[in-house]
Number of protein chains: 2
Amino acid sequence: MGFRSFLHRITAPKFERFVSSSQPLKMVFVVNHELKMGKGKVAAQVGHAAVQATLKSGELRPELLDAWLSTGQKKICVKAEDANHIESIEREANQHQILTSKVYDAGHTQIPSGSLTVLALGPDEEEKLDNLTGKLKLL
Amino acid sequence: MGFRSFLHRITAPKFERFVSSSQPLKMVFVVNHELKMGKGKVAAQVGHAAVQATLKSGELRPELLDAWLSTGQKKICVKAEDANHIESIEREANQHQILTSKVYDAGHTQIPSGSLTVLALGPDEEEKLDNLTGKLKLL
């Protein structure tokens, strides 16, 4: 998606929902633990996911992005067992209208090309995200 | 900075510069190695830096952001010795008109509050960034 089209769309959001400013928001990154990525690799993949989730929420849920940006942009990294585990979390998130962004690695380094490395959830209300990922271990 | 003001400003960029589409672009994250941050901590800090650098380039250099987003959003993590080392890289980057975004940790976990954790450089031309950080070790 080009940034211009992102800007075009963000000025005409598809839907809006009231977000109380007192409700804490966060973005959660669910990392594929099976891939045993090194520190720099994981960080770059989470960086990809953070940018994707920012652009996606700017397009679809600008009120959430706005609230998250203006309240410290909380980010948490947790680990899932493998790609199947991540996809089951993604399905559950979609059922609860939580935004999701998946990152697949281009495979230039360390891991097989096309591996699902990270799922970003949100930004959304902390409580809503904790229902999905609160039991996962911190990375 | 609120997202609305970001949008307002991005539609009226302060300056533009031609970027050849054949010129590879990347974003570099210079991580403070002295802090010995764990994997999840580093990833979250790089996530912060990635979002900041995206918003900043959208505001000041939308042509670079656009080109970077449409060519794979390359990201690289390298390590610097300590905060002083990072700040010297930042000064050099500023001299070369490379965008910089610094992240200071709120200090809720692991490290002292206010620590400089990551410096993001770019997005900008790969060659230009390599002149500054090409000799640093990958994280």
# chains A, B, ... in the order shown; residues from 1 in each chain; ligands from 1
>>> residues_around(residues="stretch 43-55 of chain A", least_positions_apart="4", cutoff="6 Å", atoms="only C-alpha atoms", output="MDAnalysis selection string")
(chainID A and resid 101 120) or (chainID B and resid 43 46:47 50:51 75)
>>> closest_atom_pairs(of="chain B", to="chain A", cutoff="10 Å", atoms="only C-alpha atoms", output="tab-separated table")
residue	atom	partner	partner_atom	distance
B:Met1	CA	A:Ser70	CA	7.1
B:Gly2	CA	A:Ser70	CA	6.1
B:Phe3	CA	A:Asp66	CA	5.3
B:Arg4	CA	A:Asp66	CA	7.6
B:Leu7	CA	A:Leu7	CA	7.6
B:Ile10	CA	A:Leu7	CA	8.8
B:Thr11	CA	A:Leu7	CA	8.6
B:Met27	CA	A:Ala44	CA	9.8
B:Val28	CA	A:Ala44	CA	9.4
B:Phe29	CA	A:Ala44	CA	8.5
B:Val31	CA	A:Gly40	CA	9.3
B:Met37	CA	A:Lys39	CA	9.6
B:Gly38	CA	A:Lys39	CA	8.0
B:Lys39	CA	A:Lys39	CA	5.2
B:Gly40	CA	A:Leu139	CA	4.6
B:Lys41	CA	A:Cys77	CA	7.8
B:Val42	CA	A:Ala43	CA	6.3
B:Ala43	CA	A:Ala43	CA	3.9
B:Ala44	CA	A:Lys75	CA	5.8
B:Gln45	CA	A:Ala43	CA	8.3
B:Val46	CA	A:Gly47	CA	5.9
B:Gly47	CA	A:Gly47	CA	4.4
B:His48	CA	A:Gln73	CA	7.5
B:Ala49	CA	A:Gly47	CA	7.9
B:Ala50	CA	A:Gly47	CA	5.5
B:Val51	CA	A:Val51	CA	5.6
B:Gln52	CA	A:Val51	CA	9.3
B:Ala53	CA	A:Val51	CA	9.4
B:Thr54	CA	A:Val51	CA	7.2
B:Leu55	CA	A:Thr54	CA	9.4
B:Gly58	CA	A:Phe3	CA	8.6
B:Pro62	CA	A:Phe3	CA	8.3
B:Glu63	CA	A:Phe3	CA	9.2
B:Leu65	CA	A:Phe3	CA	7.6
B:Asp66	CA	A:Phe3	CA	5.4
B:Ala67	CA	A:Gly2	CA	8.5
B:Trp68	CA	A:Gly2	CA	9.7
B:Leu69	CA	A:Gly2	CA	6.8
B:Ser70	CA	A:Gly2	CA	6.1
B:Thr71	CA	A:Gly2	CA	9.9
B:Gly72	CA	A:Ala106	CA	9.3
B:Gln73	CA	A:His48	CA	7.5
B:Lys74	CA	A:His48	CA	8.6
B:Lys75	CA	A:Ala44	CA	5.8
B:Ile76	CA	A:Ala44	CA	6.4
B:Cys77	CA	A:Gly40	CA	5.4
B:Val78	CA	A:Gly40	CA	7.5
B:Lys79	CA	A:Gly40	CA	9.2
B:Ala106	CA	A:Gly72	CA	9.3
B:Leu138	CA	A:Gly40	CA	7.1
B:Leu139	CA	A:Gly40	CA	4.6
>>> residues_around(residues="A:Glu92", least_positions_apart="4", cutoff="12 Å", atoms="only C-alpha atoms", output="number ranges by chain")
A: 85-88, 96-100, 121, 128-129, 131-133
>>> write_last_selection(atoms="all heavy atoms", output="tab-separated table (two decimals), in the first residue's frame")
chain	number	residue	atom	x	y	z
A	85	HIS	N	-0.09	-21.65	16.38
A	85	HIS	CA	-0.51	-20.97	17.61
A	85	HIS	C	-0.83	-19.50	17.30
A	85	HIS	O	-1.86	-18.95	17.72
A	85	HIS	CB	0.59	-21.10	18.66
A	85	HIS	CG	0.21	-20.63	20.03
A	85	HIS	ND1	1.10	-20.48	21.04
A	85	HIS	CD2	-0.99	-20.26	20.56
A	85	HIS	CE1	0.49	-20.05	22.12
A	85	HIS	NE2	-0.78	-19.90	21.86
A	86	ILE	N	0.05	-18.87	16.54
A	86	ILE	CA	-0.16	-17.46	16.17
A	86	ILE	C	-1.45	-17.30	15.37
A	86	ILE	O	-2.25	-16.39	15.60
A	86	ILE	CB	1.05	-16.92	15.37
A	86	ILE	CG1	2.27	-16.82	16.29
A	86	ILE	CG2	0.73	-15.56	14.75
A	86	ILE	CD1	3.52	-16.26	15.63
A	87	GLU	N	-1.66	-18.23	14.44
A	87	GLU	CA	-2.86	-18.11	13.59
A	87	GLU	C	-4.15	-18.33	14.39
A	87	GLU	O	-5.19	-17.74	14.06
A	87	GLU	CB	-2.76	-19.06	12.39
A	87	GLU	CG	-1.86	-18.44	11.31
A	87	GLU	CD	-1.34	-19.44	10.29
A	87	GLU	OE1	-1.58	-20.66	10.44
A	87	GLU	OE2	-0.66	-18.98	9.34
A	88	SER	N	-4.07	-19.15	15.42
A	88	SER	CA	-5.28	-19.33	16.24
A	88	SER	C	-5.58	-18.05	17.04
A	88	SER	O	-6.74	-17.67	17.22
A	88	SER	CB	-5.15	-20.55	17.16
A	88	SER	OG	-4.28	-20.26	18.24
A	96	HIS	N	-13.07	-10.73	17.59
A	96	HIS	CA	-13.33	-9.64	18.54
A	96	HIS	C	-13.03	-8.26	17.93
A	96	HIS	O	-12.88	-7.28	18.66
A	96	HIS	CB	-12.49	-9.83	19.82
A	96	HIS	CG	-12.93	-11.01	20.63
A	96	HIS	ND1	-12.49	-12.28	20.37
A	96	HIS	CD2	-13.81	-11.10	21.66
A	96	HIS	CE1	-13.05	-13.12	21.23
A	96	HIS	NE2	-13.86	-12.43	22.02
A	97	GLN	N	-12.97	-8.21	16.62
A	97	GLN	CA	-12.73	-6.93	15.90
A	97	GLN	C	-11.45	-6.22	16.36
A	97	GLN	O	-11.39	-4.98	16.41
A	97	GLN	CB	-13.93	-5.98	16.04
A	97	GLN	CG	-15.13	-6.34	15.18
A	97	GLN	CD	-15.95	-7.47	15.77
A	97	GLN	OE1	-16.29	-7.43	16.95
A	97	GLN	NE2	-16.26	-8.47	14.98
A	98	ILE	N	-10.43	-7.02	16.70
A	98	ILE	CA	-9.13	-6.43	17.02
A	98	ILE	C	-8.29	-6.45	15.74
A	98	ILE	O	-8.25	-7.46	15.04
A	98	ILE	CB	-8.43	-7.25	18.13
A	98	ILE	CG1	-9.20	-7.10	19.45
A	98	ILE	CG2	-6.98	-6.82	18.29
A	98	ILE	CD1	-8.77	-8.06	20.53
A	99	LEU	N	-7.65	-5.35	15.43
A	99	LEU	CA	-6.83	-5.28	14.21
A	99	LEU	C	-5.63	-6.21	14.34
A	99	LEU	O	-5.01	-6.30	15.40
A	99	LEU	CB	-6.32	-3.86	13.98
A	99	LEU	CG	-7.37	-2.81	13.63
A	99	LEU	CD1	-6.69	-1.45	13.49
A	99	LEU	CD2	-8.10	-3.17	12.35
A	100	THR	N	-5.29	-6.88	13.24
A	100	THR	CA	-4.13	-7.77	13.23
A	100	THR	C	-3.24	-7.47	12.02
A	100	THR	O	-3.74	-7.11	10.96
A	100	THR	CB	-4.55	-9.25	13.14
A	100	THR	OG1	-5.35	-9.43	11.96
A	100	THR	CG2	-5.37	-9.66	14.35
A	121	LEU	N	-1.10	-7.11	17.30
A	121	LEU	CA	-2.51	-6.92	17.68
A	121	LEU	C	-2.70	-5.49	18.16
A	121	LEU	O	-1.93	-5.00	18.99
A	121	LEU	CB	-2.89	-7.87	18.82
A	121	LEU	CG	-2.72	-9.37	18.57
A	121	LEU	CD1	-2.95	-10.14	19.87
A	121	LEU	CD2	-3.68	-9.86	17.50
A	128	LYS	N	-8.99	-5.83	26.52
A	128	LYS	CA	-9.45	-6.63	25.37
A	128	LYS	C	-8.29	-7.50	24.86
A	128	LYS	O	-8.47	-8.68	24.54
A	128	LYS	CB	-9.87	-5.64	24.28
A	128	LYS	CG	-11.11	-6.00	23.52
A	128	LYS	CD	-11.51	-4.87	22.58
A	128	LYS	CE	-12.02	-5.45	21.28
A	128	LYS	NZ	-12.39	-4.40	20.30
A	129	LEU	N	-7.10	-6.92	24.81
A	129	LEU	CA	-5.94	-7.67	24.34
A	129	LEU	C	-5.48	-8.70	25.36
A	129	LEU	O	-5.05	-9.79	25.00
A	129	LEU	CB	-4.80	-6.70	24.00
A	129	LEU	CG	-5.06	-5.78	22.81
A	129	LEU	CD1	-3.96	-4.74	22.66
A	129	LEU	CD2	-5.19	-6.59	21.52
A	131	ASN	N	-7.28	-10.44	27.27
A	131	ASN	CA	-8.11	-11.63	27.17
A	131	ASN	C	-7.55	-12.65	26.19
A	131	ASN	O	-7.74	-13.85	26.33
A	131	ASN	CB	-9.54	-11.25	26.72
A	131	ASN	CG	-10.31	-10.55	27.82
A	131	ASN	OD1	-10.00	-10.71	29.00
A	131	ASN	ND2	-11.31	-9.76	27.45
A	132	LEU	N	-6.83	-12.14	25.18
A	132	LEU	CA	-6.28	-13.02	24.15
A	132	LEU	C	-4.86	-13.46	24.46
A	132	LEU	O	-4.46	-14.58	24.13
A	132	LEU	CB	-6.23	-12.28	22.80
A	132	LEU	CG	-7.38	-12.52	21.85
A	132	LEU	CD1	-8.59	-11.74	22.32
A	132	LEU	CD2	-6.98	-12.09	20.47
A	133	THR	N	-4.07	-12.56	25.01
A	133	THR	CA	-2.63	-12.84	25.12
A	133	THR	C	-2.08	-12.73	26.55
A	133	THR	O	-0.88	-12.90	26.76
A	133	THR	CB	-1.81	-11.84	24.23
A	133	THR	OG1	-2.06	-10.51	24.72
A	133	THR	CG2	-2.24	-11.94	22.78
>>> select_by_dssp(residues="chain B", states="helix (DSSP H, G or I)", output="VMD selection string")
chain B and resid 3 to 10 33 to 35 39 to 60 62 to 69 83 to 95 126 to 133
>>> atom_distance(atom1="atom CA of B:Val118", atom2="atom CA of B:Gly134")
16.6 Å
